[in-house]
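So this block is my_file_2.cif, mmCIF, C-alpha atoms:
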```
data_target
#
loop_
_atom_site.label_atom_id
_atom_site.label_comp_id
_atom_site.auth_asym_id
_atom_site.auth_seq_id
_atom_site.Cartn_x
_atom_site.Cartn_y
_atom_site.Cartn_z
CA MET A 1 -5.58 17.83 -41.90
CA THR A 2 -4.49 14.23 -41.37
CA GLY A 3 -5.59 11.29 -43.51
CA ALA A 4 -7.91 10.13 -40.76
CA GLY A 5 -9.44 13.61 -40.60
CA TRP A 6 -10.11 13.67 -44.34
CA ARG A 7 -11.68 10.21 -44.11
CA GLY A 8 -13.94 11.45 -41.34
CA VAL A 9 -15.01 14.48 -43.38
CA ALA A 10 -15.69 12.31 -46.43
CA SER A 11 -17.71 9.84 -44.34
CA GLY A 12 -19.73 12.67 -42.81
CA MET A 13 -20.46 14.14 -46.25
CA ALA A 14 -21.54 10.72 -47.51
CA ALA A 15 -23.90 10.17 -44.57
CA ALA A 16 -25.37 13.67 -44.86
CA GLY A 17 -25.81 13.26 -48.61
CA LEU A 18 -27.62 9.95 -48.22
CA LEU A 19 -30.03 11.40 -45.69
CA ALA A 20 -30.59 14.62 -47.65
CA GLY A 21 -31.09 12.67 -50.89
CA LEU A 22 -33.61 10.40 -49.24
CA ALA A 23 -35.53 13.42 -47.97
CA VAL A 24 -35.53 15.87 -50.87
CA ALA A 25 -34.25 14.32 -54.10
CA GLY A 26 -36.84 13.35 -56.69
CA PRO A 27 -37.18 9.77 -57.92
CA GLU A 28 -35.14 10.57 -61.04
CA LEU A 29 -32.26 12.18 -59.11
CA LEU A 30 -32.16 9.91 -56.09
CA PRO A 31 -30.22 6.98 -57.63
CA ALA A 32 -27.47 9.37 -58.75
CA VAL A 33 -27.29 10.95 -55.27
CA ALA A 34 -27.16 7.53 -53.62
CA LEU A 35 -24.45 6.27 -55.97
CA ALA A 36 -22.31 9.36 -55.48
CA CYS A 37 -22.55 9.21 -51.68
CA ALA A 38 -21.93 5.46 -51.56
CA LEU A 39 -18.84 5.78 -53.77
CA LEU A 40 -17.60 8.63 -51.57
CA ALA A 41 -17.96 6.47 -48.45
CA ILE A 42 -16.19 3.56 -50.15
CA ALA A 43 -13.37 5.80 -51.38
CA ALA A 44 -12.89 7.19 -47.87
CA ARG A 45 -12.27 3.66 -46.55
CA PRO A 46 -11.29 1.52 -49.54
CA HIS A 47 -10.41 -1.63 -47.56
CA TRP A 48 -11.81 -4.87 -48.99
CA HIS A 49 -14.21 -6.88 -46.83
CA THR A 50 -14.32 -10.27 -48.54
CA CYS A 51 -17.48 -11.68 -46.95
CA ARG A 52 -19.51 -8.59 -47.76
CA ASP A 53 -17.94 -7.11 -50.88
CA LEU A 54 -17.42 -10.29 -52.92
CA PRO A 55 -21.15 -11.18 -53.19
CA ALA A 56 -21.91 -7.49 -53.75
CA ALA A 57 -19.46 -7.36 -56.65
CA LEU A 58 -20.85 -10.55 -58.16
CA ALA A 59 -24.41 -9.23 -57.86
CA ALA A 60 -23.39 -6.06 -59.69
CA VAL A 61 -21.59 -8.04 -62.40
CA ALA A 62 -24.56 -10.38 -62.89
CA TRP A 63 -26.97 -7.46 -63.32
CA LEU A 64 -24.67 -5.68 -65.77
CA VAL A 65 -24.13 -8.86 -67.82
CA SER A 66 -27.88 -9.41 -67.95
CA ALA A 67 -28.39 -5.83 -69.15
CA LEU A 68 -25.64 -6.11 -71.80
CA LEU A 69 -26.80 -9.46 -73.19
CA ALA A 70 -30.54 -8.82 -73.04
CA PRO A 71 -32.51 -8.97 -76.31
CA ARG A 72 -32.49 -5.73 -78.27
CA GLY A 73 -35.01 -3.22 -77.01
CA ALA A 74 -35.76 -5.11 -73.81
CA THR A 75 -33.53 -3.20 -71.43
CA THR A 76 -30.62 -0.81 -71.05
CA ILE A 77 -27.77 -0.34 -68.58
CA ALA A 78 -29.85 2.40 -66.95
CA ALA A 79 -32.44 -0.23 -65.96
CA ALA A 80 -29.80 -1.96 -63.82
CA MET A 81 -28.85 1.22 -61.95
CA PRO A 82 -31.50 1.06 -59.18
CA MET A 83 -30.32 -2.33 -57.96
CA LEU A 84 -26.67 -1.36 -58.38
CA ALA A 85 -27.35 1.77 -56.33
CA CYS A 86 -28.86 -0.37 -53.56
CA VAL A 87 -25.85 -2.71 -53.51
CA LEU A 88 -23.39 0.16 -53.35
CA VAL A 89 -25.40 1.95 -50.65
CA VAL A 90 -25.15 -1.16 -48.47
CA CYS A 91 -21.40 -1.39 -49.03
CA GLY A 92 -20.92 2.35 -48.51
CA THR A 93 -22.90 2.70 -45.30
CA ALA A 94 -21.19 -0.39 -43.90
CA ARG A 95 -17.94 1.60 -44.02
CA LEU A 96 -19.25 4.62 -42.13
CA PRO A 97 -17.85 5.21 -38.62
CA PRO A 98 -20.29 4.08 -35.91
CA GLY A 99 -21.13 7.66 -34.91
CA PHE A 100 -22.19 8.64 -38.43
CA ALA A 101 -23.98 5.33 -38.94
CA ARG A 102 -26.06 5.75 -35.81
CA ALA A 103 -26.96 9.34 -36.65
CA LEU A 104 -28.03 8.29 -40.14
CA PHE A 105 -30.00 5.41 -38.66
CA ALA A 106 -31.85 7.75 -36.30
CA GLY A 107 -32.63 10.18 -39.12
CA CYS A 108 -33.94 7.44 -41.42
CA LEU A 109 -36.05 5.92 -38.66
CA ALA A 110 -37.57 9.30 -37.73
CA MET A 111 -38.33 9.98 -41.40
CA ALA A 112 -40.01 6.60 -41.86
CA VAL A 113 -42.17 7.05 -38.74
CA LEU A 114 -43.21 10.52 -39.88
CA ILE A 115 -44.23 9.22 -43.31
CA LEU A 116 -46.18 6.37 -41.77
CA ALA A 117 -47.93 8.82 -39.43
CA LEU A 118 -48.96 11.01 -42.37
CA VAL A 119 -50.21 7.99 -44.29
CA ALA A 120 -52.15 6.67 -41.28
CA GLY A 121 -53.83 10.05 -40.79
CA PHE A 122 -54.72 10.28 -44.48
CA GLU A 123 -56.15 6.77 -44.52
CA LEU A 124 -58.19 7.31 -41.36
CA ALA A 125 -59.77 10.33 -43.00
CA LYS A 126 -60.88 8.32 -46.04
CA LEU A 127 -61.91 4.94 -44.64
CA GLY A 128 -64.47 3.34 -46.91
CA GLU A 129 -62.88 4.68 -50.09
CA LEU A 130 -60.55 2.97 -52.54
CA ARG A 131 -57.02 2.10 -51.50
CA SER A 132 -54.55 4.87 -52.27
CA THR A 133 -52.11 4.53 -55.16
CA ALA A 134 -50.40 7.79 -54.17
CA TYR A 135 -50.40 10.06 -51.14
CA PRO A 136 -50.67 13.89 -51.18
CA GLY A 137 -47.34 15.55 -50.50
CA LEU A 138 -45.40 12.27 -50.69
CA ALA A 139 -44.52 12.15 -54.37
CA GLY A 140 -42.05 9.36 -55.05
CA TRP A 141 -43.07 7.18 -52.13
CA GLY A 142 -45.67 5.21 -54.07
CA GLY A 143 -49.01 3.96 -52.79
CA PHE A 144 -50.27 1.28 -50.41
CA PRO A 145 -47.84 -1.53 -51.46
CA GLU A 146 -44.74 0.63 -51.00
CA VAL A 147 -45.92 2.22 -47.76
CA GLY A 148 -46.83 -1.22 -46.46
CA LEU A 149 -43.30 -2.35 -47.23
CA LEU A 150 -41.86 0.67 -45.43
CA GLY A 151 -43.95 -0.22 -42.39
CA VAL A 152 -42.84 -3.85 -42.48
CA MET A 153 -39.24 -2.71 -42.20
CA THR A 154 -39.89 -0.02 -39.59
CA LEU A 155 -42.21 -1.89 -37.22
CA PRO A 156 -39.69 -4.55 -36.03
CA VAL A 157 -37.03 -1.87 -35.49
CA ALA A 158 -39.33 0.35 -33.43
CA LEU A 159 -40.71 -2.61 -31.46
CA SER A 160 -37.23 -3.91 -30.68
CA LEU A 161 -36.18 -0.47 -29.41
CA ALA A 162 -39.38 -0.21 -27.34
CA ILE A 163 -38.95 -3.53 -25.52
CA GLY A 164 -35.16 -3.59 -25.49
CA GLY A 165 -32.61 -1.83 -23.34
CA GLY A 166 -31.79 1.83 -23.29
CA PRO A 167 -32.95 5.02 -21.57
CA ARG A 168 -36.58 5.19 -20.51
CA GLY A 169 -37.25 8.28 -22.63
CA ALA A 170 -35.91 6.60 -25.75
CA ARG A 171 -38.05 3.53 -25.13
CA ALA A 172 -41.14 5.70 -24.61
CA GLY A 173 -40.50 7.37 -27.96
CA ALA A 174 -40.02 3.95 -29.53
CA VAL A 175 -43.43 2.86 -28.21
CA VAL A 176 -45.05 5.79 -30.03
CA ALA A 177 -43.06 4.92 -33.15
CA THR A 178 -44.18 1.30 -32.88
CA LEU A 179 -47.85 2.21 -32.67
CA THR A 180 -47.46 4.62 -35.59
CA ALA A 181 -45.72 2.00 -37.74
CA ALA A 182 -48.37 -0.59 -36.87
CA ALA A 183 -51.15 1.83 -37.80
CA GLY A 184 -49.41 2.68 -41.08
CA VAL A 185 -49.03 -0.99 -41.98
CA GLY A 186 -52.61 -1.82 -41.09
CA LEU A 187 -54.20 1.15 -42.83
CA SER A 188 -52.15 0.61 -45.97
CA ALA A 189 -54.61 -2.25 -46.65
CA SER A 190 -51.77 -4.37 -48.07
CA ARG A 191 -52.44 -7.95 -47.00
CA ALA A 192 -48.88 -8.96 -47.89
CA ALA A 193 -47.63 -6.26 -45.52
CA TRP A 194 -50.00 -7.43 -42.77
CA GLY A 195 -48.62 -10.96 -42.84
CA ALA A 196 -44.99 -9.84 -43.02
CA ALA A 197 -45.49 -7.37 -40.16
CA LEU A 198 -46.85 -10.14 -37.94
CA VAL A 199 -43.83 -12.28 -38.86
CA GLY A 200 -41.47 -9.46 -37.91
CA THR A 201 -43.32 -8.89 -34.63
CA VAL A 202 -43.10 -12.55 -33.66
CA LEU A 203 -39.39 -12.65 -34.55
CA VAL A 204 -38.64 -9.66 -32.32
CA VAL A 205 -40.55 -11.16 -29.39
CA VAL A 206 -38.80 -14.52 -29.78
CA ALA A 207 -35.40 -12.84 -30.07
CA ARG A 208 -36.00 -10.79 -26.91
CA ARG A 209 -38.15 -13.09 -24.78
CA ARG A 210 -37.28 -12.13 -21.22
CA SER A 211 -40.44 -10.92 -19.56
CA GLN A 212 -44.18 -11.34 -19.89
CA TRP A 213 -44.98 -7.67 -20.45
CA ARG A 214 -42.96 -7.62 -23.67
CA THR A 215 -45.04 -10.46 -25.00
CA MET A 216 -48.16 -8.52 -24.04
CA VAL A 217 -46.94 -5.44 -25.93
CA ALA A 218 -46.26 -7.51 -29.04
CA ALA A 219 -49.64 -9.24 -28.71
CA ALA A 220 -51.36 -5.85 -28.49
CA ILE A 221 -49.67 -4.80 -31.74
CA GLY A 222 -50.80 -8.04 -33.37
CA VAL A 223 -54.38 -7.48 -32.21
CA MET A 224 -54.29 -3.93 -33.54
CA LEU A 225 -53.10 -5.17 -36.92
CA LEU A 226 -55.83 -7.80 -37.02
CA ALA A 227 -58.47 -5.29 -35.99
CA THR A 228 -57.33 -2.93 -38.74
CA LEU A 229 -57.50 -5.84 -41.17
CA VAL A 230 -61.16 -6.38 -40.31
CA VAL A 231 -61.92 -2.68 -40.78
CA VAL A 232 -60.04 -2.28 -44.05
CA TRP A 233 -61.30 -5.59 -45.44
CA LEU A 234 -64.60 -3.90 -46.29
CA ARG A 235 -62.92 -1.06 -48.18
CA PRO A 236 -64.17 -1.06 -51.80
CA GLN A 237 -61.87 -2.10 -54.62
CA PRO A 238 -61.84 -0.79 -58.21
CA ALA A 239 -63.68 -3.92 -59.38
CA GLY A 240 -66.31 -3.49 -56.65
CA GLY A 241 -66.27 -4.91 -53.14
CA ALA A 242 -63.28 -6.35 -51.33
CA VAL A 243 -61.09 -8.76 -53.26
CA PRO A 244 -61.54 -12.22 -51.67
CA VAL A 245 -58.42 -14.06 -50.56
CA GLU A 246 -59.10 -16.96 -52.95
CA VAL A 247 -59.29 -14.53 -55.90
CA ALA A 248 -56.05 -12.85 -54.91
CA MET A 249 -54.30 -16.21 -54.51
CA GLY A 250 -55.65 -17.43 -57.84
CA SER A 251 -54.20 -14.35 -59.50
CA ARG A 252 -50.85 -14.99 -57.89
CA LEU A 253 -50.78 -18.65 -58.90
CA GLU A 254 -51.42 -17.59 -62.48
CA ALA A 255 -48.68 -14.95 -62.28
CA TRP A 256 -46.19 -17.47 -60.86
CA SER A 257 -46.98 -19.91 -63.66
CA GLN A 258 -46.48 -17.22 -66.30
CA ALA A 259 -43.20 -16.12 -64.70
CA ALA A 260 -41.90 -19.69 -64.71
CA ARG A 261 -42.66 -19.95 -68.43
CA LEU A 262 -40.79 -16.71 -69.16
CA TRP A 263 -37.80 -17.78 -67.05
CA ARG A 264 -37.45 -21.14 -68.81
CA GLU A 265 -36.85 -19.33 -72.12
CA ARG A 266 -33.74 -17.50 -70.80
CA PRO A 267 -32.77 -19.30 -67.58
CA LEU A 268 -29.13 -18.23 -67.21
CA ILE A 269 -29.02 -14.43 -67.59
CA GLY A 270 -32.70 -13.56 -68.00
CA TRP A 271 -34.37 -10.92 -70.16
CA GLY A 272 -32.64 -7.92 -68.58
CA PRO A 273 -33.19 -5.77 -65.47
CA ALA A 274 -36.58 -4.05 -65.16
CA SER A 275 -37.84 -5.75 -68.33
CA TYR A 276 -40.66 -7.90 -66.95
CA ARG A 277 -43.52 -5.69 -68.15
CA GLN A 278 -42.15 -5.48 -71.70
CA VAL A 279 -41.42 -9.20 -71.86
CA TYR A 280 -44.87 -10.06 -70.51
CA GLY A 281 -46.56 -7.80 -73.08
CA ARG A 282 -44.52 -9.27 -75.94
CA HIS A 283 -45.25 -12.88 -75.02
CA PHE A 284 -48.95 -12.27 -74.58
CA GLU A 285 -49.20 -10.19 -77.77
CA GLN A 286 -49.87 -6.87 -76.08
CA PRO A 287 -47.65 -3.79 -76.44
CA ALA A 288 -46.21 -2.75 -73.10
CA ASP A 289 -47.67 0.75 -73.31
CA ALA A 290 -51.15 -0.66 -73.96
CA LEU A 291 -51.32 -3.17 -71.11
CA PRO A 292 -54.38 -2.75 -68.89
CA ALA A 293 -53.91 -1.61 -65.32
CA ASP A 294 -54.54 -5.14 -63.96
CA ALA A 295 -52.03 -6.85 -66.26
CA GLN A 296 -49.39 -9.07 -64.69
CA PHE A 297 -46.63 -6.49 -64.98
CA HIS A 298 -44.67 -8.29 -62.26
CA ALA A 299 -44.49 -11.86 -61.02
CA HIS A 300 -46.05 -11.27 -57.56
CA ASN A 301 -42.89 -12.91 -56.19
CA ALA A 302 -39.59 -11.05 -55.93
CA TYR A 303 -37.50 -14.18 -56.46
CA LEU A 304 -39.36 -15.27 -59.59
CA ASN A 305 -39.25 -11.70 -60.86
CA LEU A 306 -35.47 -11.64 -60.39
CA ALA A 307 -35.20 -15.00 -62.15
CA VAL A 308 -37.10 -13.72 -65.19
CA GLU A 309 -35.13 -10.48 -65.40
CA THR A 310 -31.59 -11.60 -64.45
CA GLY A 311 -31.68 -15.40 -64.60
CA VAL A 312 -30.07 -17.87 -62.25
CA LEU A 313 -26.91 -15.79 -61.99
CA GLY A 314 -28.80 -12.73 -60.83
CA VAL A 315 -30.94 -14.60 -58.31
CA VAL A 316 -28.04 -16.52 -56.76
CA SER A 317 -25.83 -13.45 -56.43
CA VAL A 318 -28.58 -11.27 -54.94
CA LEU A 319 -29.70 -13.97 -52.47
CA TRP A 320 -26.10 -14.58 -51.42
CA PHE A 321 -25.60 -10.88 -50.82
CA ALA A 322 -28.89 -10.65 -48.89
CA ALA A 323 -27.93 -13.67 -46.76
CA VAL A 324 -24.60 -12.04 -45.92
CA VAL A 325 -26.41 -8.86 -44.87
CA VAL A 326 -28.79 -10.71 -42.53
CA ALA A 327 -26.23 -13.18 -41.18
CA GLY A 328 -23.72 -10.42 -40.47
CA THR A 329 -25.73 -9.29 -37.48
CA GLY A 330 -23.99 -11.96 -35.39
CA GLY A 331 -20.51 -11.21 -36.69
CA ARG A 332 -19.53 -9.15 -33.66
CA SER A 333 -21.33 -8.98 -30.35
CA VAL A 334 -22.38 -5.74 -28.68
CA PRO A 335 -23.28 -5.27 -25.01
CA GLY A 336 -26.79 -6.48 -24.26
CA GLY A 337 -29.39 -4.08 -22.93
CA THR A 338 -28.29 -1.20 -25.19
CA LEU A 339 -30.01 0.71 -27.96
CA VAL A 340 -27.43 -0.56 -30.44
CA ALA A 341 -28.17 -4.20 -29.57
CA ALA A 342 -31.92 -3.57 -29.83
CA ALA A 343 -31.50 -1.79 -33.17
CA ARG A 344 -29.49 -4.68 -34.61
CA THR A 345 -32.12 -7.19 -33.52
CA GLY A 346 -34.91 -5.14 -35.04
CA LEU A 347 -33.04 -4.58 -38.30
CA ALA A 348 -32.33 -8.28 -38.76
CA CYS A 349 -35.95 -9.22 -37.96
CA GLY A 350 -37.20 -6.53 -40.34
CA LEU A 351 -35.06 -7.80 -43.20
CA ILE A 352 -36.33 -11.34 -42.66
CA ALA A 353 -39.94 -10.06 -42.60
CA VAL A 354 -39.35 -8.28 -45.91
CA ALA A 355 -37.92 -11.50 -47.37
CA VAL A 356 -41.12 -13.30 -46.34
CA ARG A 357 -43.26 -10.59 -47.93
CA PHE A 358 -41.36 -10.99 -51.19
CA LEU A 359 -42.65 -14.57 -51.46
CA ILE A 360 -46.10 -13.32 -52.43
CA ASP A 361 -45.43 -9.87 -53.82
CA TYR A 362 -42.83 -7.82 -55.62
CA PHE A 363 -41.50 -4.34 -55.11
CA ASP A 364 -40.20 -2.67 -58.25
CA PRO A 365 -37.10 -0.62 -57.34
CA ALA A 366 -37.14 0.96 -60.81
CA GLY A 367 -40.50 2.60 -60.16
CA ALA A 368 -41.83 5.45 -58.04
CA GLY A 369 -40.98 3.68 -54.77
CA MET A 370 -37.22 4.07 -55.21
CA ARG A 371 -36.99 6.00 -51.97
CA VAL A 372 -38.40 3.10 -50.00
CA MET A 373 -35.97 0.63 -51.57
CA LEU A 374 -33.06 2.93 -50.75
CA TRP A 375 -34.39 3.22 -47.20
CA LEU A 376 -34.21 -0.56 -46.92
CA SER A 377 -30.72 -0.58 -48.40
CA ILE A 378 -29.53 2.07 -45.96
CA LEU A 379 -30.92 0.08 -43.05
CA ALA A 380 -29.24 -3.07 -44.32
CA GLY A 381 -25.93 -1.25 -44.58
CA LEU A 382 -26.36 0.31 -41.16
CA ARG A 383 -26.97 -3.07 -39.63
CA LEU A 384 -23.53 -3.99 -40.86
CA ALA A 385 -22.06 -0.63 -39.86
CA LEU A 386 -23.27 -1.08 -36.28
CA ASP A 387 -21.07 -4.17 -36.08
CA VAL A 388 -17.64 -3.67 -34.61
CA SER A 389 -15.52 -4.11 -37.69
CA ARG A 390 -12.36 -6.15 -37.49
CA ASP A 391 -10.72 -3.34 -39.43
CA ARG A 392 -10.26 -0.69 -36.76
CA ALA A 393 -10.02 1.95 -39.48
CA SER A 394 -13.80 1.98 -39.57
CA ALA A 395 -14.09 2.65 -35.87
#
```
Written as structure tokens, that's how I'd like the structure from this file.
Amino acid sequence: MTGAGWRGVASGMAAAGLLAGLAVAGPELLPAVALACALLAIAARPHWHTCRDLPAALAAVAWLVSALLAPRGATTIAAAMPMLACVLVVCGTARLPPGFARALFAGCLAMAVLILALVAGFELAKLGELRSTAYPGLAGWGGFPEVGLLGVMTLPVALSLAIGGGPRGARAGAVVATLTAAAGVGLSASRAAWGAALVGTVLVVVARRRSQWRTMVAAAIGVMLLATLVVVWLRPQPAGGAVPVEVAMGSRLEAWSQAARLWRERPLIGWGPASYRQVYGRHFEQPADALPADAQFHAHNAYLNLAVETGVLGVVSVLWFAAVVVAGTGGRSVPGGTLVAAARTGLACGLIAVAVRFLIDYFDPAGAGMRVMLWLSILAGLRLALDVSRDRASA
């Protein structure tokens, strides 16, 4: 077999492993599966892409330095592995040939829509009860915050495919996927996800404004989200009644103030990856394993949380890498009116919507929602992989 043939086999194994790991691997095993597959994809095509790989390498170095220099007992190298896995997954999937990348994209999208459909059905059956912190049969996917985040990423992609170009049958399927994703987001009862989903919807409509009916479709999705908001607003909370917006915002303002105080003590390299809960408990004289369920175990802002855990170096490197991922969508043009063009638009809009959501909430990639974070990483990498690379070896 020729060198190109071996590279194709390795790329196919990497893509299949990523999809299989996302579907069946447990939360403890999934980072190892993702790392192995990403390294396999990188080894199959080891060319250096400066714009993408340099910020990725610096992000990895910053997280490792933070873990190594963290105060004793605060963190370990293992705590940095989830983020490192995400970075490598992006770099690995960006090297996959377009055929493998598109197949992996379709599999991930179908999986996300199926999960959101199951969650929507479960939530419809228990309206009026407390929000779910876990879903039957979906161990490892988390509860309403993580599922809301999954919907925020999926909704713009499905909507872009529904109102974009491509075969009529594919667009009809995308309409069903869009409605399912919107229902999953709404019924998750995550207000941060509601706002981010509306941002993603508006971005897709603005990016593809060509006819009035598309605007009407997007408006219908927005109305459905708002209607679901009204219904879910009355759902009881553990403290009794629905949590008013002013109470939720007051809690966030307090969390942001506390995070700023923690960051100022170690501004350069932070306290170490995945250490926020321990650091918070130590500073407020509570052992981490004895913190109450409503303790501020994260900063309610992804950027502040990163600053506390990895300092300025970690935040700058991660934001640079994220900006490269989003900006790369315009690196190479693809023919308009195709599924690939619609997918790229939806992916970029979804990533921006997630970035907006992270202003008022935080998703912990070291926790039970690892699968969702890897799903986002795979989509980010695929958005790059769908570009026509200047290096024809990836074609």
Counting only C-alpha atoms, I want the residues whose atoms come within 12 Å of (-31.2, 0.8, -44.0) in the file frame, returned as a VMD selection string. chain A and resid 15 18 to 19 22 86 to 87 89 to 94 101 to 102 104 to 109 111 to 112 150 153 to 154 157 325 to 326 343 to 344 346 to 348 350 to 351 371 to 386
Just to be explicit: take each residue in the selection above, keep C-alpha atoms, and write the result as an mmCIF file, in the coordinates of the input.
```
data_model
loop_
_atom_site.group_PDB
_atom_site.id
_atom_site.type_symbol
_atom_site.label_atom_id
_atom_site.label_comp_id
_atom_site.auth_asym_id
_atom_site.auth_seq_id
_atom_site.Cartn_x
_atom_site.Cartn_y
_atom_site.Cartn_z
ATOM 1 C CA ALA A 15 -23.900 10.170 -44.570
ATOM 2 C CA LEU A 18 -27.620 9.950 -48.220
ATOM 3 C CA LEU A 19 -30.030 11.400 -45.690
ATOM 4 C CA LEU A 22 -33.610 10.400 -49.240
ATOM 5 C CA CYS A 86 -28.860 -0.370 -53.560
ATOM 6 C CA VAL A 87 -25.850 -2.710 -53.510
ATOM 7 C CA VAL A 89 -25.400 1.950 -50.650
ATOM 8 C CA VAL A 90 -25.150 -1.160 -48.470
ATOM 9 C CA CYS A 91 -21.400 -1.390 -49.030
ATOM 10 C CA GLY A 92 -20.920 2.350 -48.510
ATOM 11 C CA THR A 93 -22.900 2.700 -45.300
ATOM 12 C CA ALA A 94 -21.190 -0.390 -43.900
ATOM 13 C CA ALA A 101 -23.980 5.330 -38.940
ATOM 14 C CA ARG A 102 -26.060 5.750 -35.810
ATOM 15 C CA LEU A 104 -28.030 8.290 -40.140
ATOM 16 C CA PHE A 105 -30.000 5.410 -38.660
ATOM 17 C CA ALA A 106 -31.850 7.750 -36.300
ATOM 18 C CA GLY A 107 -32.630 10.180 -39.120
ATOM 19 C CA CYS A 108 -33.940 7.440 -41.420
ATOM 20 C CA LEU A 109 -36.050 5.920 -38.660
ATOM 21 C CA MET A 111 -38.330 9.980 -41.400
ATOM 22 C CA ALA A 112 -40.010 6.600 -41.860
ATOM 23 C CA LEU A 150 -41.860 0.670 -45.430
ATOM 24 C CA MET A 153 -39.240 -2.710 -42.200
ATOM 25 C CA THR A 154 -39.890 -0.020 -39.590
ATOM 26 C CA VAL A 157 -37.030 -1.870 -35.490
ATOM 27 C CA VAL A 325 -26.410 -8.860 -44.870
ATOM 28 C CA VAL A 326 -28.790 -10.710 -42.530
ATOM 29 C CA ALA A 343 -31.500 -1.790 -33.170
ATOM 30 C CA ARG A 344 -29.490 -4.680 -34.610
ATOM 31 C CA GLY A 346 -34.910 -5.140 -35.040
ATOM 32 C CA LEU A 347 -33.040 -4.580 -38.300
ATOM 33 C CA ALA A 348 -32.330 -8.280 -38.760
ATOM 34 C CA GLY A 350 -37.200 -6.530 -40.340
ATOM 35 C CA LEU A 351 -35.060 -7.800 -43.200
ATOM 36 C CA ARG A 371 -36.990 6.000 -51.970
ATOM 37 C CA VAL A 372 -38.400 3.100 -50.000
ATOM 38 C CA MET A 373 -35.970 0.630 -51.570
ATOM 39 C CA LEU A 374 -33.060 2.930 -50.750
ATOM 40 C CA TRP A 375 -34.390 3.220 -47.200
ATOM 41 C CA LEU A 376 -34.210 -0.560 -46.920
ATOM 42 C CA SER A 377 -30.720 -0.580 -48.400
ATOM 43 C CA ILE A 378 -29.530 2.070 -45.960
ATOM 44 C CA LEU A 379 -30.920 0.080 -43.050
ATOM 45 C CA ALA A 380 -29.240 -3.070 -44.320
ATOM 46 C CA GLY A 381 -25.930 -1.250 -44.580
ATOM 47 C CA LEU A 382 -26.360 0.310 -41.160
ATOM 48 C CA ARG A 383 -26.970 -3.070 -39.630
ATOM 49 C CA LEU A 384 -23.530 -3.990 -40.860
ATOM 50 C CA ALA A 385 -22.060 -0.630 -39.860
ATOM 51 C CA LEU A 386 -23.270 -1.080 -36.280
#
```
Please expand the PyMOL selection byres ((chain A and resi 203) around 9) into the concrete residues it hits in this file, giving the result as a PDB file with C-alpha atoms, in the frame of the given file.
```pdb
ATOM      1  CA  PRO A 156     -39.690  -4.550 -36.030  1.00  0.00           C
ATOM      2  CA  LEU A 198     -46.850 -10.140 -37.940  1.00  0.00           C
ATOM      3  CA  VAL A 199     -43.830 -12.280 -38.860  1.00  0.00           C
ATOM      4  CA  GLY A 200     -41.470  -9.460 -37.910  1.00  0.00           C
ATOM      5  CA  THR A 201     -43.320  -8.890 -34.630  1.00  0.00           C
ATOM      6  CA  VAL A 202     -43.100 -12.550 -33.660  1.00  0.00           C
ATOM      7  CA  VAL A 204     -38.640  -9.660 -32.320  1.00  0.00           C
ATOM      8  CA  VAL A 205     -40.550 -11.160 -29.390  1.00  0.00           C
ATOM      9  CA  VAL A 206     -38.800 -14.520 -29.780  1.00  0.00           C
ATOM     10  CA  ALA A 207     -35.400 -12.840 -30.070  1.00  0.00           C
ATOM     11  CA  ARG A 208     -36.000 -10.790 -26.910  1.00  0.00           C
ATOM     12  CA  GLY A 346     -34.910  -5.140 -35.040  1.00  0.00           C
ATOM     13  CA  CYS A 349     -35.950  -9.220 -37.960  1.00  0.00           C
ATOM     14  CA  GLY A 350     -37.200  -6.530 -40.340  1.00  0.00           C
ATOM     15  CA  ILE A 352     -36.330 -11.340 -42.660  1.00  0.00           C
ATOM     16  CA  ALA A 353     -39.940 -10.060 -42.600  1.00  0.00           C
TER      17      ALA A 353
END
```
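Among A:Ala43, A:Leu187, A:Ala299, A:Ile77, the residue with the shortest atom-to-atom distance to Gly121 in chain A, counting all atoms listed in the file, is A:Leu187.
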Could you tell me how far CA of Ala302 in chain A sits from CA of Leu40 in chain A, in Å to one decimal place? 29.8 Å
Hey, which of A:Met13, A:Leu339, A:Ala60, A:Ala38 ends up closest to Gly164 in chain A? Count all atoms listed in the file. A:Leu339
Shell around Ala78 in chain A at 10 Å using only C-alpha atoms, local window under 2 positions removed, as a PDB file with C-alpha atoms, in the frame of the given file:
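The new file selection_26.pdb reads:
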```pdb
ATOM      1  CA  LEU A  64     -24.670  -5.680 -65.770  1.00  0.00           C
ATOM      2  CA  ALA A  67     -28.390  -5.830 -69.150  1.00  0.00           C
ATOM      3  CA  THR A  75     -33.530  -3.200 -71.430  1.00  0.00           C
ATOM      4  CA  THR A  76     -30.620  -0.810 -71.050  1.00  0.00           C
ATOM      5  CA  ALA A  80     -29.800  -1.960 -63.820  1.00  0.00           C
ATOM      6  CA  MET A  81     -28.850   1.220 -61.950  1.00  0.00           C
ATOM      7  CA  PRO A  82     -31.500   1.060 -59.180  1.00  0.00           C
ATOM      8  CA  LEU A  84     -26.670  -1.360 -58.380  1.00  0.00           C
ATOM      9  CA  PRO A 273     -33.190  -5.770 -65.470  1.00  0.00           C
ATOM     10  CA  ALA A 274     -36.580  -4.050 -65.160  1.00  0.00           C
ATOM     11  CA  ALA A 366     -37.140   0.960 -60.810  1.00  0.00           C
TER      12      ALA A 366
END
```
I want to know what sits within 12 Å of Ser257 in chain A, based on all atoms listed in the file, with residues of the same chain fewer than 4 positions away left out; could you give that as a list in words?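 Surrounding residues, per the criterion: Gly250, Ser251, Arg252, Leu253, Arg261, Leu262, Trp263, Arg264, Gln296, His298, Ala299, His300, Asn301, Leu304, Asn305 and Val308 of chain A.
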Please report the interatomic distance between CA of Trp256 in chain A and CA of Val279 in chain A in Å with one decimal. 14.6 Å
